[in-house]
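Structure file final-v7.txt (compact mmCIF, C-alpha atoms and all ligand atoms) follows.
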# COMPACT_ATOMS: atom_id res chain seq x y z
CA MET A 11 21.80 -12.66 80.76
CA VAL A 12 21.96 -12.57 84.52
CA ASP A 13 25.48 -12.76 85.91
CA LYS A 14 24.55 -15.14 88.67
CA ASN A 15 22.96 -17.54 86.21
CA ASP A 16 25.89 -17.32 83.84
CA LEU A 17 28.24 -18.39 86.54
CA GLN A 18 26.04 -20.94 88.22
CA ASP A 19 27.15 -24.08 86.42
CA GLU A 20 30.78 -23.08 86.26
CA VAL A 21 31.13 -22.68 90.00
CA THR A 22 29.01 -25.66 91.05
CA CYS A 23 31.91 -28.13 90.87
CA SER A 24 34.22 -25.86 92.79
CA MET A 25 31.58 -25.17 95.43
CA VAL A 26 31.10 -28.90 95.98
CA ALA A 27 34.86 -29.34 96.31
CA ILE A 28 35.23 -26.44 98.72
CA ALA A 29 32.29 -27.56 100.85
CA ALA A 30 33.62 -31.10 101.03
CA SER A 31 37.08 -29.81 101.82
CA TYR A 32 35.69 -27.74 104.70
CA PHE A 33 33.84 -30.75 106.05
CA PHE A 34 36.93 -32.93 106.02
CA THR A 35 39.03 -30.19 107.62
CA ARG A 36 36.82 -30.13 110.67
CA ARG A 37 38.20 -32.16 113.53
CA ARG A 38 34.96 -33.89 114.35
CA CYS A 39 34.54 -35.53 110.97
CA GLY A 40 36.04 -38.66 112.45
CA ILE A 41 38.92 -39.55 110.11
CA GLY A 42 42.67 -39.48 110.68
CA VAL A 43 45.04 -36.69 109.67
CA ARG A 44 46.69 -38.69 106.86
CA LEU A 45 43.36 -39.73 105.32
CA ARG A 46 42.12 -36.15 105.60
CA GLN A 47 45.14 -34.92 103.64
CA ILE A 48 44.61 -37.53 100.93
CA VAL A 49 40.93 -36.60 100.61
CA GLN A 50 41.81 -32.91 100.39
CA ILE A 51 44.38 -33.50 97.63
CA GLY A 52 41.77 -35.54 95.79
CA LEU A 53 39.27 -32.70 96.06
CA VAL A 54 41.76 -30.18 94.68
CA VAL A 55 42.35 -32.46 91.65
CA PHE A 56 38.57 -32.86 91.25
CA SER A 57 38.10 -29.09 91.30
CA VAL A 58 40.80 -28.53 88.65
CA VAL A 59 39.32 -31.23 86.41
CA CYS A 60 35.87 -29.64 86.76
CA GLY A 61 37.25 -26.26 85.79
CA SER A 62 38.81 -27.59 82.63
CA MET A 63 35.89 -29.75 81.55
CA VAL A 64 34.48 -27.10 79.22
CA ALA A 65 37.80 -26.87 77.40
CA VAL A 66 38.24 -30.67 77.24
CA TYR A 67 34.82 -31.31 75.75
CA ALA A 68 34.63 -28.26 73.49
CA GLU A 69 34.37 -29.03 69.81
CA PRO A 70 37.34 -27.99 67.68
CA ILE A 71 36.79 -25.05 65.37
CA GLY A 72 37.06 -25.95 61.69
CA ALA A 73 39.71 -24.09 59.69
CA PHE A 74 37.07 -22.29 57.61
CA ALA A 75 35.25 -21.05 60.74
CA GLN A 76 38.24 -19.68 62.61
CA LYS A 77 38.84 -16.07 63.45
CA GLY A 78 40.53 -14.47 60.49
CA ALA A 79 38.92 -16.94 58.06
CA LEU A 80 35.27 -16.15 58.80
CA ALA A 81 33.97 -12.69 59.65
CA ILE A 82 30.83 -12.60 61.76
CA VAL A 83 28.02 -10.07 61.76
CA ASP A 84 26.35 -10.00 65.17
CA VAL A 85 22.71 -9.43 64.24
CA HIS A 86 21.21 -9.61 67.74
CA ASN A 87 22.89 -7.39 70.27
CA HIS A 88 21.79 -4.59 72.56
CA LEU A 89 22.85 -1.18 73.76
CA ASN A 90 22.75 0.17 77.29
CA ARG A 91 23.90 3.62 78.34
CA ASP A 92 26.96 2.20 80.10
CA MET A 93 28.28 0.24 77.11
CA SER A 94 30.95 2.33 75.42
CA ALA A 95 31.56 2.23 71.68
CA GLN A 96 35.24 1.54 72.27
CA GLN A 97 34.44 -1.37 74.58
CA LEU A 98 32.23 -2.93 71.91
CA ILE A 99 34.74 -2.32 69.12
CA ASP A 100 37.53 -3.94 71.16
CA LEU A 101 35.36 -7.01 71.80
CA MET A 102 34.43 -7.24 68.12
CA ASP A 103 38.03 -6.85 66.94
CA ASN A 104 39.29 -9.51 69.31
CA ALA A 105 36.54 -11.96 68.32
CA GLY A 106 36.67 -11.36 64.56
CA VAL A 107 33.26 -9.67 64.38
CA SER A 108 32.99 -7.18 61.53
CA ARG A 109 29.64 -5.53 62.34
CA MET A 110 27.13 -5.45 65.16
CA VAL A 111 23.44 -4.61 65.30
CA LEU A 112 22.69 -2.28 68.21
CA MET A 113 19.18 -2.59 69.62
CA PRO A 114 18.90 0.03 72.36
CA ARG A 115 17.21 -0.98 75.60
CA ASP A 116 15.34 2.18 76.40
CA PHE A 117 14.32 1.20 79.91
CA GLY A 118 14.46 3.05 83.19
CA GLY A 119 15.15 1.10 86.34
CA ARG A 120 18.32 0.25 88.16
CA ARG A 121 19.05 -3.07 86.47
CA SER A 122 19.04 -1.73 82.94
CA GLY A 123 22.64 -0.47 82.85
CA GLY A 124 21.30 3.01 82.24
CA SER A 125 18.80 3.63 79.53
CA GLY A 126 20.20 3.12 76.02
CA SER A 127 18.78 5.29 73.25
CA ASP A 128 18.39 5.52 69.49
CA THR A 129 20.53 8.66 69.51
CA GLN A 130 23.32 6.81 71.27
CA ALA A 131 23.18 3.97 68.72
CA LEU A 132 23.36 6.49 65.90
CA GLU A 133 26.34 8.26 67.51
CA TYR A 134 28.23 4.97 67.77
CA ALA A 135 27.49 4.19 64.11
CA LYS A 136 28.81 7.59 63.07
CA SER A 137 31.92 7.27 65.24
CA TYR A 138 32.87 3.90 63.73
CA PRO A 139 31.57 3.88 60.15
CA GLY A 140 30.58 0.46 58.89
CA ARG A 141 30.89 -1.27 62.27
CA PHE A 142 27.52 -0.66 63.95
CA ILE A 143 24.03 -1.20 62.54
CA PRO A 144 21.62 0.92 64.61
CA PHE A 145 18.00 -0.17 65.10
CA VAL A 146 15.12 1.91 66.37
CA ALA A 147 14.55 0.58 69.89
CA GLY A 148 11.68 -1.83 70.46
CA GLN A 149 12.48 -2.32 74.16
CA ARG A 150 10.81 0.64 75.78
CA ASP A 151 8.90 1.17 79.00
CA GLU A 152 5.89 2.48 77.09
CA LEU A 153 5.55 -0.82 75.22
CA ASP A 154 5.20 -2.68 78.51
CA GLN A 155 1.44 -2.10 78.61
CA ARG A 156 -0.74 -4.73 77.00
CA GLY A 157 -3.63 -2.31 76.55
CA ARG A 158 -1.51 -0.01 74.39
CA TRP A 159 -0.92 -2.84 71.89
CA LEU A 160 -4.64 -3.61 71.72
CA ASN A 161 -5.82 0.00 71.54
CA PRO A 162 -2.99 2.33 70.47
CA ASP A 163 -3.34 5.56 72.48
CA ARG A 164 -1.75 9.00 72.16
CA GLN A 165 1.54 7.75 73.54
CA ALA A 166 1.60 4.97 70.96
CA GLU A 167 0.87 7.49 68.20
CA SER A 168 3.65 9.70 69.46
CA LEU A 169 6.08 6.77 69.48
CA LEU A 170 5.08 5.78 65.94
CA SER A 171 5.63 9.34 64.81
CA THR A 172 9.11 9.45 66.41
CA MET A 173 10.03 6.15 64.78
CA GLU A 174 8.79 7.41 61.41
CA THR A 175 11.04 10.47 61.68
CA GLU A 176 14.04 8.32 62.63
CA LEU A 177 13.46 5.90 59.78
CA ASN A 178 13.01 8.79 57.34
CA SER A 179 16.57 9.82 58.18
CA GLN A 180 17.62 6.53 56.53
CA GLN A 181 20.19 5.99 59.25
CA PHE A 182 18.40 3.17 61.04
CA TYR A 183 18.35 -0.37 59.68
CA GLY A 184 15.61 -2.09 61.64
CA ILE A 185 13.08 -1.96 64.48
CA GLY A 186 13.55 -4.13 67.55
CA GLU A 187 13.62 -5.98 69.72
CA LEU A 188 9.85 -5.98 70.24
CA ILE A 189 9.14 -8.00 73.38
CA ILE A 190 5.84 -9.83 73.01
CA ARG A 191 5.97 -13.12 74.91
CA HIS A 192 8.84 -13.10 77.37
CA TYR A 193 9.39 -15.28 80.43
CA ALA A 194 10.26 -13.56 83.67
CA PHE A 195 13.62 -14.32 85.20
CA GLU A 196 15.06 -13.16 88.50
CA GLY A 197 14.63 -9.39 88.53
CA GLY A 198 13.10 -9.43 85.03
CA ARG A 199 9.62 -8.97 83.65
CA GLU A 200 6.99 -11.31 82.29
CA ARG A 201 5.41 -10.08 79.06
CA ASP A 202 2.35 -11.66 77.55
CA ILE A 203 0.97 -9.62 74.70
CA PRO A 204 -0.95 -11.15 71.79
CA VAL A 205 1.18 -11.14 68.63
CA ASP A 206 -1.39 -9.91 66.14
CA THR A 207 -2.56 -6.58 67.58
CA PRO A 208 -3.42 -3.19 66.07
CA LEU A 209 -0.08 -1.74 67.27
CA MET A 210 1.93 -4.68 65.88
CA ARG A 211 0.21 -4.11 62.53
CA ARG A 212 1.28 -0.45 62.62
CA PHE A 213 4.89 -1.47 63.33
CA ALA A 214 4.75 -4.04 60.53
CA ASP A 215 3.47 -1.40 58.09
CA LEU A 216 6.15 1.04 59.20
CA ALA A 217 8.90 -1.57 58.70
CA ALA A 218 7.58 -2.51 55.25
CA HIS A 219 7.31 1.13 54.17
CA HIS A 220 10.94 1.79 55.11
CA GLU A 221 12.17 -1.64 53.96
CA VAL A 222 13.73 -2.51 57.29
CA PRO A 223 13.28 -5.71 59.31
CA LEU A 224 11.10 -6.01 62.40
CA LEU A 225 12.82 -8.12 65.08
CA ILE A 226 10.45 -9.84 67.51
CA HIS A 227 10.97 -11.79 70.73
CA ALA A 228 8.10 -14.21 71.32
CA GLU A 229 8.42 -17.65 72.90
CA GLY A 230 6.89 -20.15 70.49
CA GLU A 231 3.79 -21.17 72.44
CA PRO A 232 0.87 -22.35 70.27
CA ASP A 233 -1.01 -19.01 70.37
CA VAL A 234 2.23 -17.17 69.58
CA VAL A 235 2.88 -19.37 66.54
CA ALA A 236 -0.69 -18.72 65.37
CA GLY A 237 -0.25 -14.97 65.88
CA MET A 238 3.07 -14.91 64.04
CA LYS A 239 1.48 -16.73 61.10
CA GLN A 240 -1.28 -14.15 61.04
CA VAL A 241 1.12 -11.18 60.98
CA LEU A 242 3.38 -12.81 58.38
CA GLU A 243 0.42 -13.60 56.16
CA THR A 244 -1.20 -10.18 56.36
CA HIS A 245 2.13 -8.34 55.93
CA PRO A 246 3.95 -10.16 53.14
CA LYS A 247 6.15 -7.13 52.46
CA THR A 248 7.37 -6.91 56.05
CA ARG A 249 10.64 -8.68 56.70
CA ILE A 250 10.28 -10.29 60.11
CA ILE A 251 13.19 -11.67 62.12
CA TRP A 252 11.82 -13.95 64.82
CA ALA A 253 14.46 -13.96 67.55
CA HIS A 254 16.04 -16.95 69.28
CA ASN A 255 15.62 -19.54 66.53
CA CYS A 256 12.06 -18.44 65.86
CA GLY A 257 10.96 -18.41 69.50
CA ARG A 258 12.89 -21.61 70.37
CA SER A 259 10.39 -23.52 68.22
CA SER A 260 10.81 -27.10 66.98
CA SER A 261 12.61 -27.73 63.71
CA GLU A 262 9.31 -28.95 62.21
CA ILE A 263 7.45 -25.73 63.03
CA ILE A 264 10.31 -23.54 61.79
CA ARG A 265 10.66 -25.58 58.62
CA GLY A 266 6.95 -25.29 57.86
CA MET A 267 6.87 -21.56 58.49
CA LEU A 268 10.01 -20.78 56.46
CA ALA A 269 8.56 -22.76 53.56
CA THR A 270 5.25 -20.89 53.77
CA PHE A 271 6.36 -17.35 54.63
CA LEU A 272 9.20 -16.01 52.51
CA ASN A 273 9.28 -12.84 54.64
CA LEU A 274 10.36 -14.78 57.76
CA SER A 275 13.91 -15.28 59.07
CA CYS A 276 15.20 -16.47 62.45
CA ASP A 277 18.11 -15.19 64.46
CA LEU A 278 20.08 -17.45 66.77
CA GLY A 279 20.46 -14.71 69.40
CA GLY A 280 22.10 -16.25 72.47
CA MET A 281 21.00 -19.78 71.49
CA LEU A 282 24.00 -21.51 73.05
CA ASN A 283 23.50 -24.44 75.37
CA ALA A 284 26.16 -23.19 77.74
CA PRO A 285 26.34 -21.51 81.14
CA PHE A 286 27.67 -18.36 79.48
CA ALA A 287 24.65 -17.67 77.24
CA PRO A 288 20.99 -16.95 77.97
CA TYR A 289 18.63 -18.61 75.52
CA GLY A 290 20.08 -21.90 74.30
CA ARG A 291 18.97 -23.76 77.39
CA TYR A 292 15.67 -24.22 79.15
CA TRP A 293 15.95 -20.82 80.75
CA PRO A 294 14.39 -19.39 82.80
CA LYS A 295 11.97 -22.32 82.60
CA GLN A 296 11.17 -25.26 80.37
CA THR A 297 7.96 -25.52 78.35
CA PRO A 298 6.71 -28.22 75.95
CA TRP A 299 7.24 -25.77 73.07
CA MET A 300 10.88 -25.01 73.74
CA PHE A 301 13.65 -26.64 71.68
CA LEU A 302 17.43 -26.34 71.83
CA ILE A 303 19.80 -26.11 68.89
CA GLU A 304 22.95 -27.69 70.32
CA ASP A 305 23.98 -30.55 72.61
CA GLY A 306 25.88 -28.53 75.22
CA SER A 307 29.28 -29.35 73.73
CA GLY A 308 29.24 -27.21 70.61
CA ASN A 309 27.51 -29.72 68.29
CA LEU A 310 24.33 -28.72 66.49
CA LEU A 311 21.46 -31.13 67.05
CA PRO A 312 20.90 -33.15 63.84
CA GLU A 313 17.41 -31.78 63.14
CA MET A 314 18.59 -28.17 63.52
CA LYS A 315 21.68 -28.78 61.41
CA ALA A 316 19.44 -30.20 58.66
CA LEU A 317 17.18 -27.13 59.00
CA TYR A 318 20.05 -24.67 58.53
CA GLU A 319 21.38 -26.63 55.57
CA ALA A 320 17.88 -26.66 54.03
CA PHE A 321 17.32 -22.90 54.54
CA PRO A 322 20.83 -21.39 54.57
CA ASN A 323 19.55 -17.94 53.57
CA ARG A 324 17.14 -17.53 56.48
CA PHE A 325 19.25 -17.51 59.66
CA PHE A 326 21.48 -14.98 61.41
CA LEU A 327 23.85 -15.15 64.39
CA GLY A 328 23.63 -12.97 67.48
CA THR A 329 25.20 -12.78 70.91
CA ASP A 330 22.32 -11.07 72.79
CA HIS A 331 24.09 -9.17 75.57
CA ALA A 332 21.13 -7.53 77.27
CA PHE A 333 23.00 -6.76 80.48
CA THR A 334 26.28 -4.90 80.42
CA PRO A 335 28.24 -7.21 82.79
CA SER A 336 27.54 -10.14 80.47
CA LEU A 337 29.80 -8.55 77.84
CA ARG A 338 32.68 -10.37 79.53
CA GLN A 339 31.20 -13.48 77.91
CA TYR A 340 31.41 -11.98 74.43
CA PRO A 341 34.54 -13.90 73.32
CA ARG A 342 33.15 -17.22 74.55
CA ARG A 343 29.80 -16.74 72.82
CA ILE A 344 31.44 -15.94 69.51
CA GLU A 345 33.86 -18.83 69.87
CA ARG A 346 30.97 -21.19 70.58
CA PHE A 347 29.17 -19.98 67.47
CA ARG A 348 32.35 -20.75 65.50
CA GLU A 349 32.25 -24.31 66.94
CA LEU A 350 28.63 -24.68 65.84
CA LEU A 351 29.39 -23.27 62.38
CA SER A 352 32.18 -25.86 62.07
CA GLY A 353 29.48 -28.54 61.86
CA LEU A 354 27.88 -26.97 58.79
CA LYS A 355 28.96 -26.95 55.17
CA PRO A 356 31.39 -24.05 54.71
CA GLU A 357 29.02 -22.23 52.35
CA THR A 358 26.16 -22.56 54.84
CA ALA A 359 28.42 -21.35 57.65
CA ARG A 360 29.37 -18.27 55.61
CA ARG A 361 25.67 -17.54 55.00
CA LEU A 362 24.82 -17.64 58.71
CA ALA A 363 28.01 -15.88 59.80
CA PHE A 364 27.82 -12.80 57.60
CA GLN A 365 26.41 -13.12 54.06
CA ASN A 366 22.73 -13.12 55.01
CA ALA A 367 23.26 -10.07 57.20
CA GLU A 368 25.34 -8.24 54.60
CA GLU A 369 22.62 -8.80 51.99
CA LEU A 370 19.84 -7.69 54.31
CA PHE A 371 21.51 -4.51 55.50
CA HIS A 372 23.14 -3.69 52.17
CA LYS A 373 19.67 -3.67 50.63
CA SER A 374 18.60 -0.96 53.01
CA GLU A 375 21.79 1.09 52.58
CA LYS A 376 20.76 4.10 50.61
ZN ZN B 1 15.19 -11.63 72.98

What is this file in structure tokens?
Ligand SMILES: [Zn+2]
Amino acid sequence: MVDKNDLQDEVTCSMVAIAASYFFTRRRCGIGVRLRQIVQIGLVVFSVVCGSMVAVYAEPIGAFAQKGALAIVDVHNHLNRDMSAQQLIDLMDNAGVSRMVLMPRDFGGRRSGGSGSDTQALEYAKSYPGRFIPFVAGQRDELDQRGRWLNPDRQAESLLSTMETELNSQQFYGIGELIIRHYAFEGGRERDIPVDTPLMRRFADLAAHHEVPLLIHAEGEPDVVAGMKQVLETHPKTRIIWAHNCGRSSSEIIRGMLATFLNLSCDLGGMLNAPFAPYGRYWPKQTPWMFLIEDGSGNLLPEMKALYEAFPNRFFLGTDHAFTPSLRQYPRRIERFRELLSGLKPETARRLAFQNAEELFHKSEK
């Protein structure tokens, strides 16, 4: 999500090469001119090899998963004020993405790319019919306060009323992303709100009433898992999408919860173990409850592959571009998802790529 982090691994090799080159160029390093030249040539070769390592080790994309053969619906993406509809459409067209969920990030602050809004998401959907799937924003400054979730105040009531009006228009297809347990990264915020709160129950009721999914970000710590179970159990008619492979939980936990709660799905928003994606690595920190889905080379880990094959109807893909500059990584994220899909049975890959999303959002198309 953060530019600097995205680039970090990619430039490390080159930085080492440049630093070493500088050292050997200095007169006082104590080696002869000829040897210095040989070392410098070697460093240039090393740098080039580093730069191409990603391409060398990338998994091939299976014929059935290639652009043109497999449309993708991007179920976890965001909207900032400075993202233009045309920019998004161009990225989608080039990557073979048919539709995109827009979850506005209605935040003030300088780093937000300008506050996105529900109105903006709706405008984009109207400008490009069938391409954008607007959600009612869950990322809002007013939901930053823990106390509001525990004791909904007048502002919470006002927000619920606004959301109700928007959903009554039947032009919004979900609510999210609600940020409940979120680790702080450089320049970002830490959020630690209990999952099962009076305000969450109101959102769950609202989503059920309008037959739209509720998309929740909550890292799968033990109390979060317990809270999610509580909400799922008490709101069986609410379709809940638990972001980032169900809070980056273990395959065992996800398997157990999918078997128990038929109203639960997981999205794979940004879950790529690569320097160009946010959530598929131990980022911004590692915890004992955090599990990856791929090996860093485009291969699904065996336990996750088995999970997706066992529950092919319960997962969605998503690129999760929270910050506008990260959109330059859009083609790579989609391509990496195509590599991962190549490891699944073609029918499972089609489910994750677009069929599950088409069924979910078709159901709510009035
Ligand atoms: Zn998220």

Distance table requested - chain A against ligand ZN 1 (chain B), cut-off 8 Å, all atoms listed in the file: one row per qualifying residue with the closest atom pair and its distance in Å to one decimal, ordered by chain and rising residue number, as a tab-separated table.
residue	atom	partner	partner_atom	distance
A:Glu187	CA	B:ZN1	ZN	6.7
A:Ile189	CA	B:ZN1	ZN	7.1
A:His192	CA	B:ZN1	ZN	7.9
A:Ile226	CA	B:ZN1	ZN	7.5
A:His227	CA	B:ZN1	ZN	4.8
A:Ala228	CA	B:ZN1	ZN	7.7
A:Ala253	CA	B:ZN1	ZN	6.0
A:His254	CA	B:ZN1	ZN	6.5
A:Gly279	CA	B:ZN1	ZN	7.1
A:Asp330	CA	B:ZN1	ZN	7.2

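Here CA of Arg342 (chain A) stands at a distance of 12.6 Å from CA of Gly328 (chain A).
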
*Check the smallest atom-to-atom distance from each of A:Pro298, A:Ala332, A:Gly257, A:Gly184 to Phe117 (chain A) using all atoms listed in the file, then report the winner.*
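Comparing A:Pro298, A:Ala332, A:Gly257, A:Gly184 against Phe117 (chain A), the winner is A:Ala332.
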
Show which residues sit within 12 Å of Leu282 (chain A), as a compact mmCIF listing (two decimals) with C-alpha atoms, in the coordinates of the input. Count all atoms listed in the file, and ignore same-chain residues fewer than 6 positions away.
# COMPACT_ATOMS: atom_id res chain seq x y z
CA MET A 11 21.80 -12.66 80.76
CA ASP A 16 25.89 -17.32 83.84
CA HIS A 254 16.04 -16.95 69.28
CA ASN A 255 15.62 -19.54 66.53
CA ARG A 258 12.89 -21.61 70.37
CA PRO A 288 20.99 -16.95 77.97
CA TYR A 289 18.63 -18.61 75.52
CA GLY A 290 20.08 -21.90 74.30
CA ARG A 291 18.97 -23.76 77.39
CA TYR A 292 15.67 -24.22 79.15
CA TRP A 293 15.95 -20.82 80.75
CA PHE A 301 13.65 -26.64 71.68
CA LEU A 302 17.43 -26.34 71.83
CA ILE A 303 19.80 -26.11 68.89
CA GLU A 304 22.95 -27.69 70.32
CA ASP A 305 23.98 -30.55 72.61
CA GLY A 306 25.88 -28.53 75.22
CA SER A 307 29.28 -29.35 73.73
CA GLY A 308 29.24 -27.21 70.61
CA ASN A 309 27.51 -29.72 68.29
CA LEU A 310 24.33 -28.72 66.49
CA LEU A 311 21.46 -31.13 67.05
CA LEU A 327 23.85 -15.15 64.39
CA GLY A 328 23.63 -12.97 67.48
CA THR A 329 25.20 -12.78 70.91
CA ASP A 330 22.32 -11.07 72.79
CA GLN A 339 31.20 -13.48 77.91
CA ARG A 342 33.15 -17.22 74.55
CA ARG A 343 29.80 -16.74 72.82
CA ILE A 344 31.44 -15.94 69.51
CA GLU A 345 33.86 -18.83 69.87
CA ARG A 346 30.97 -21.19 70.58
CA PHE A 347 29.17 -19.98 67.47
CA ARG A 348 32.35 -20.75 65.50
CA GLU A 349 32.25 -24.31 66.94
CA LEU A 350 28.63 -24.68 65.84

*With only C-alpha atoms as the atoms that count, which of A:Val146, A:Leu153, A:Leu89, A:Met238 lies nearest to Met173 (chain A)?*
A:Val146

*Return the single residue from A:Glu200, A:Leu169, A:Gly266, A:Arg249 that is closest to Phe321 (chain A), with distances computed using only C-alpha atoms.*
A:Gly266

_Just the number, please: distance in Å from CA of Arg265 (chain A) to CA of Val222 (chain A), one decimal._
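That distance, rounded to one decimal, is 23.3 Å.
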
Determine the axis-aligned bounding box of all atoms of region 208-221 of chain A present in the file, pad each side by 6 Å, and express its centre and edge lengths in Å to one decimal place as AutoDock Vina command-line options.
--center_x 4.4 --center_y -1.4 --center_z 60.6 --size_x 27.6 --size_y 18.5 --size_z 25.3

*Interatomic distance between CA of Leu370 (chain A) and CA of Asp202 (chain A)?*
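Taking CA of Leu370 (chain A) and CA of Asp202 (chain A), their separation equals 29.4 Å.
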